[in-house]
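Colleague: Dropping the structure in here first, questions after.
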Amino acid sequence: MNKARRFSILLASVMLVLATVLAGCSSNTGKTTNQPATGQTEGNKTSDNKGNDEQTSTDGKWEFGSEPLEFSMYGHYSWYDVPAWDSTVAGRWLKDNKKLNIVPVSAGGNHEQKLSTMIASNDLPDVIWMDRGAEVERLRDMGMLVPFDDYLDKYPNLKTWMGKDLNMLRSEDGKLYQFPNWYTGRPNGNAGYVINKKIYEELGSPKLETTDDLYNYLVAVKAKYGNSVTPYEPHLAKDQQGLGVLYTAFGEDVLYSYLNAALRAIPKDGQLTSVFKDDTFREAQKYISKLYRERLISQDAFTQTIDQIEEKVMQGRVAVFASASPTVIAMNAHQEMVKKDPNSGYFMIWPIHKEGLDKNKIYPGTYTSLGWNVSVITTAAKDPEKIFAFLDWYTGPEGQSLLFFGPEGKNWKGFDADGYPNFTPEYDAEEVLQLQKDQDPIMWNGNTGYIDPAKMKYESTLPADKQNWAARYQSEITWKTQANATEFVNMDPAPDSDLGIIKQRIDDIFTQAYAESVMAKSDEDVDRILDKAEKDAEASGYSQLLEFRTEAWNRNKALLENK
């Protein structure tokens, strides 16, 4: 998925969660024990965020807002330019109250050429917003980036909220040069199972907990509704999606990520081993193949489009909808269906598990702590520490509340004992949504671990039927059943290297074998297909790729353990 798409999806998710927030003062219902490392206040006190007077510090750090700060910023994307600072409510407020001005540098629609030109002319902007990876290391190798290590204890929001996972962003020299966006220290994600309420109730609301329960239910759906309803809709099967979710039902602590292109392996005894030989994977494929053979799964699962899937779900022609992220489609469908029939709609269930397994050790989805892109400060910056101080403030409670709920005073006032905003009786949900749309282009270092509970604080005070649909099931189910897969990031070889070529071959072999095994004629056929895939993979250098990724995995674990 390209970065623009991921960014849009993230914003859409944020807006959807807040779509039904109503006016009112929230009680202190937050459950987190994370204490933000900022100057927030408690109870109904207001925050000290005026920033108009000179502020002094006893620990030698610079106070953001104590004096004017101006720096230039460039977004290294073809689809994005840093907006004019006066074009957003947050930008104007920060300029007036914190004496901050950010000067945009445009990519001119050709970001690769723009960055190369700036490097060649030694005319870099002060801050670059960009992807993690090769380009960051390229700038670091040329000595063009400022390390953040000396700032982390002075300005501790990032360190506090991200924790030891911050070490995963360190470069080969052991230093930190990247400030992450949408990082998290808490579970998030939407993977799981959505159930058609009306169909479920018409079939007697049977138990839906185990893989046997699910099979029996799907058989009952087909017997009653025939071809008018798809018993099990797996979203885009070519990307695993709902079939990958179902794979996790067959093993405790088995992760969806094991099947992804970035891994394609099973961790065992400190080594990454072949996915094709894994007993759990084979058992899951046999179960899925049985569902497919009996026409309990969409027969066009590997060729259907998103539009076709959405149409079926929207029309209520799906009994069970599973995906790595089914919530947006399901919520939209639920809202439209209940308008016509209050007894219809969708709900989510606790993840399905094989009989005998601990249901609390089943994880249909994963998340990583690193987020998706980063801000780097270049050596062109006159005041790098002050820029970092701003970024750290921006990622903390005051900055995040400003971006999501507007300036303090109308929609929120002060923070509760857990550090989350106190929403006021004047809270305007429509205004909040518009603010988020307008300020999306300046959300450079979002703090998922803070903003998700902040959004849920008010939702949790509403009756279940009044809560935002996605927010309710995220809180009750999905956030509790997603596993941290941060240890498996950054494990790909360079695409143009020998190992990179091997990786592509393995990906091709897996993709073909995966589809063939789902559509196999028998359990024996599943074994035959996976045996052949294992043989072909070994002949293509699979063991070398596994060895490379095992070393990368062990490095990751060492970094995560290093506090």
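Starting from 1 in every chain, residues are counted up; chains themselves are A, B, ... following the order of the structure tokens, and ligands are numbered from 1 as listed.
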Compile the contact shell of Gly251 in chain A as an MDAnalysis selection string: residues with an atom at most 8 Å away, counting only C-alpha atoms, same-chain residues fewer than 3 positions apart removed.

Modeller: chainID A and resid 248 254 280 353:354 357 362

Colleague: Could you please take those selected residues and save N, CA and C atoms as a PDB file, in the first residue's frame?

Modeller:
```
ATOM      1  N   THR A 248      -4.756 -17.432  12.017  1.00  0.00           N
ATOM      2  CA  THR A 248      -4.336 -17.217  13.406  1.00  0.00           C
ATOM      3  C   THR A 248      -5.193 -17.980  14.412  1.00  0.00           C
ATOM      4  N   VAL A 254       0.202 -17.157  17.331  1.00  0.00           N
ATOM      5  CA  VAL A 254       0.509 -17.195  15.900  1.00  0.00           C
ATOM      6  C   VAL A 254       0.105 -15.853  15.297  1.00  0.00           C
ATOM      7  N   THR A 280       1.000 -25.653  11.749  1.00  0.00           N
ATOM      8  CA  THR A 280      -0.159 -24.778  11.968  1.00  0.00           C
ATOM      9  C   THR A 280      -0.643 -24.181  10.658  1.00  0.00           C
ATOM     10  N   HIS A 353     -11.139 -19.284  17.640  1.00  0.00           N
ATOM     11  CA  HIS A 353      -9.977 -20.096  17.986  1.00  0.00           C
ATOM     12  C   HIS A 353     -10.301 -21.586  17.833  1.00  0.00           C
ATOM     13  N   LYS A 354      -9.282 -22.353  17.579  1.00  0.00           N
ATOM     14  CA  LYS A 354      -9.439 -23.802  17.522  1.00  0.00           C
ATOM     15  C   LYS A 354      -9.752 -24.318  18.926  1.00  0.00           C
ATOM     16  N   LEU A 357      -7.564 -24.280  22.487  1.00  0.00           N
ATOM     17  CA  LEU A 357      -6.601 -23.185  22.603  1.00  0.00           C
ATOM     18  C   LEU A 357      -7.152 -22.096  23.516  1.00  0.00           C
ATOM     19  N   ILE A 362      -5.026 -15.581  20.984  1.00  0.00           N
ATOM     20  CA  ILE A 362      -5.282 -15.579  19.545  1.00  0.00           C
ATOM     21  C   ILE A 362      -5.248 -14.137  19.067  1.00  0.00           C
TER      22      ILE A 362
END
```

Colleague: Set out as a Markdown table a contact list for range 89-199 of chain A and range 326-338 of chain A with a cut-off of 12 Å, giving each residue of range 89-199 of chain A that qualifies its closest atom pair and distance in Å to one decimal, counting only C-alpha atoms, ordered by chain and rising residue number.

Modeller:
```
| residue | atom | partner | partner_atom | distance |
| --- | --- | --- | --- | --- |
| A:Gly189 | CA | A:Thr327 | CA | 9.6 |
| A:Asn190 | CA | A:Thr327 | CA | 6.3 |
| A:Ala191 | CA | A:Pro326 | CA | 6.7 |
| A:Gly192 | CA | A:Pro326 | CA | 7.2 |
| A:Tyr193 | CA | A:Pro326 | CA | 7.7 |
| A:Val194 | CA | A:Ala330 | CA | 7.3 |
| A:Ile195 | CA | A:Ala330 | CA | 9.2 |
| A:Asn196 | CA | A:His334 | CA | 9.1 |
| A:Lys197 | CA | A:His334 | CA | 9.5 |
| A:Lys198 | CA | A:Met337 | CA | 10.3 |
```

Colleague: For those residues, write N, CA and C atoms to a file as an mmCIF file, in the first residue's frame.

Modeller:
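again14.cif was written with the following content:
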```
data_model
loop_
_atom_site.group_PDB
_atom_site.id
_atom_site.type_symbol
_atom_site.label_atom_id
_atom_site.label_comp_id
_atom_site.auth_asym_id
_atom_site.auth_seq_id
_atom_site.Cartn_x
_atom_site.Cartn_y
_atom_site.Cartn_z
ATOM 1 N N GLY A 189 -5.269 -1.287 15.895
ATOM 2 C CA GLY A 189 -5.559 -2.099 14.720
ATOM 3 C C GLY A 189 -6.996 -2.584 14.728
ATOM 4 N N ASN A 190 -7.430 -3.123 13.598
ATOM 5 C CA ASN A 190 -8.842 -3.444 13.409
ATOM 6 C C ASN A 190 -9.121 -4.870 12.972
ATOM 7 N N ALA A 191 -8.128 -5.718 12.868
ATOM 8 C CA ALA A 191 -8.338 -7.054 12.312
ATOM 9 C C ALA A 191 -9.316 -7.871 13.148
ATOM 10 N N GLY A 192 -10.172 -8.624 12.469
ATOM 11 C CA GLY A 192 -11.101 -9.482 13.183
ATOM 12 C C GLY A 192 -12.305 -9.873 12.358
ATOM 13 N N TYR A 193 -13.359 -10.283 13.045
ATOM 14 C CA TYR A 193 -14.542 -10.872 12.426
ATOM 15 C C TYR A 193 -15.783 -10.016 12.667
ATOM 16 N N VAL A 194 -16.495 -9.701 11.590
ATOM 17 C CA VAL A 194 -17.735 -8.935 11.636
ATOM 18 C C VAL A 194 -18.894 -9.874 11.289
ATOM 19 N N ILE A 195 -19.963 -9.795 12.072
ATOM 20 C CA ILE A 195 -21.102 -10.701 11.913
ATOM 21 C C ILE A 195 -22.362 -9.926 11.527
ATOM 22 N N ASN A 196 -23.086 -10.455 10.544
ATOM 23 C CA ASN A 196 -24.365 -9.886 10.130
ATOM 24 C C ASN A 196 -25.406 -10.187 11.208
ATOM 25 N N LYS A 197 -25.899 -9.151 11.878
ATOM 26 C CA LYS A 197 -26.770 -9.301 13.036
ATOM 27 C C LYS A 197 -28.091 -10.006 12.692
ATOM 28 N N LYS A 198 -28.726 -9.617 11.622
ATOM 29 C CA LYS A 198 -30.039 -10.170 11.290
ATOM 30 C C LYS A 198 -29.942 -11.652 10.936
#
```

Colleague: With 9 Å as the cut-off and only C-alpha atoms counted, what is the closest atom pair between each nearby residue of range 254-288 of chain A and range 525-537 of chain A? Distances in Å to one decimal, ordered by chain and number, as a Markdown table.

Modeller:
```
| residue | atom | partner | partner_atom | distance |
| --- | --- | --- | --- | --- |
| A:Ser274 | CA | A:Glu534 | CA | 7.6 |
| A:Val275 | CA | A:Glu534 | CA | 8.4 |
| A:Phe276 | CA | A:Glu534 | CA | 5.6 |
| A:Lys277 | CA | A:Glu534 | CA | 7.0 |
| A:Arg282 | CA | A:Asp527 | CA | 7.3 |
| A:Gln285 | CA | A:Val526 | CA | 7.2 |
| A:Lys286 | CA | A:Val526 | CA | 6.4 |
```

Colleague: Keeping only C-alpha atoms, write those residues as an mmCIF file, in the first residue's frame.

Modeller:
```cif
data_model
loop_
_atom_site.group_PDB
_atom_site.id
_atom_site.type_symbol
_atom_site.label_atom_id
_atom_site.label_comp_id
_atom_site.auth_asym_id
_atom_site.auth_seq_id
_atom_site.Cartn_x
_atom_site.Cartn_y
_atom_site.Cartn_z
ATOM 1 C CA SER A 274 9.936 -22.332 6.448
ATOM 2 C CA VAL A 275 6.281 -21.327 6.355
ATOM 3 C CA PHE A 276 5.569 -24.129 3.890
ATOM 4 C CA LYS A 277 6.530 -26.849 6.370
ATOM 5 C CA ARG A 282 -0.918 -26.490 6.883
ATOM 6 C CA GLN A 285 -4.912 -24.156 4.859
ATOM 7 C CA LYS A 286 -6.749 -27.485 5.016
#
```

Colleague: Pick from A:Glu487, A:Asp81, A:Asp465, A:Glu202: nearest to Ser369 in chain A, with only C-alpha atoms counted?

Modeller: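 With only C-alpha atoms as the atom set, the closest residue is A:Glu487.
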
Colleague: Show me, as an MDAnalysis selection string, the residues that have an atom within 9 Å of Phe548 in chain A when counting only C-alpha atoms, minus same-chain residues fewer than 4 positions from it.

Modeller: chainID A and resid 491:493 499 543:544 552:553

Colleague: What gap, in Å, lies between CA of Ser375 in chain A and CA of Pro180 in chain A?

Modeller: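 Between these atoms lies a distance of 6.5 Å.
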
Colleague: So what do you get for CA of Asp383 in chain A versus CA of Asn157 in chain A, distance-wise?

Modeller: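 Atom-to-atom, CA of Asp383 in chain A to CA of Asn157 in chain A, that is 19.2 Å.
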
Colleague: Give the answer as one residue: which of A:Asp498, A:Asp392, A:Glu431, A:Asp452 has the shortest atom-to-atom distance to Trp62 in chain A, using only C-alpha atoms?

Modeller: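 Using only C-alpha atoms, the shortest distance to Trp62 in chain A belongs to A:Asp392.
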
Colleague: Compare A:Gln400, A:Gln434, A:Asn110, A:Thr88 by their minimum atom-to-atom distance to Trp182 in chain A, counting only C-alpha atoms, and give me the closest one.

Modeller: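 The closest residue to Trp182 in chain A is A:Gln400.
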
Colleague: Go through A:Ile128, A:Leu152, A:Ala107, A:Ala380 and flag the residue nearest Tyr80 in chain A, using only C-alpha atoms for the distances.

Modeller: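 The answer is A:Ala107, which sits nearest to Tyr80 in chain A.
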
Colleague: So that I can check the secondary structure, give me every residue of range 315-488 of chain A assigned helix (DSSP H, G or I) by backbone DSSP, as a ChimeraX atom specification.

Modeller: /A:327-340,359-361,384-394,397-405,429-442,448-459,464-466,469-476,478-480,486-488

Colleague: Excluding Met118 in chain A and residues on its chain fewer than 3 positions from it, collect all residues at most 12 Å away from it, counting only C-alpha atoms, and give them as a list in words.

Modeller: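 So, after excluding close chain neighbours, the residues are Tyr74, His76, Val105, Ser106, Ala107, His111, Glu112, Gln113, Lys114, Leu115, Ser121, Asn122, Asp123, Leu124, Pro125, Asp126, Ile128, Leu139, Met144, Thr378 and Ala380 of chain A.
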
Colleague: Run DSSP on the backbone and grab whatever in range 256-500 of chain A lands in strand (DSSP E or B); send it over as an MDAnalysis selection string.

Modeller: chainID A and resid 265:268 271:274 297 318:323 346:349 353 363 365:367 373:378 412:415 421:423 447 482:484

Colleague: Which of these, A:Met130, A:Ala84, A:Leu166, A:Ala90, has the shortest distance to Asn373 in chain A once you count only C-alpha atoms?

Modeller: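 Looking at the shortest contact to Asn373 in chain A, the residue is A:Met130.
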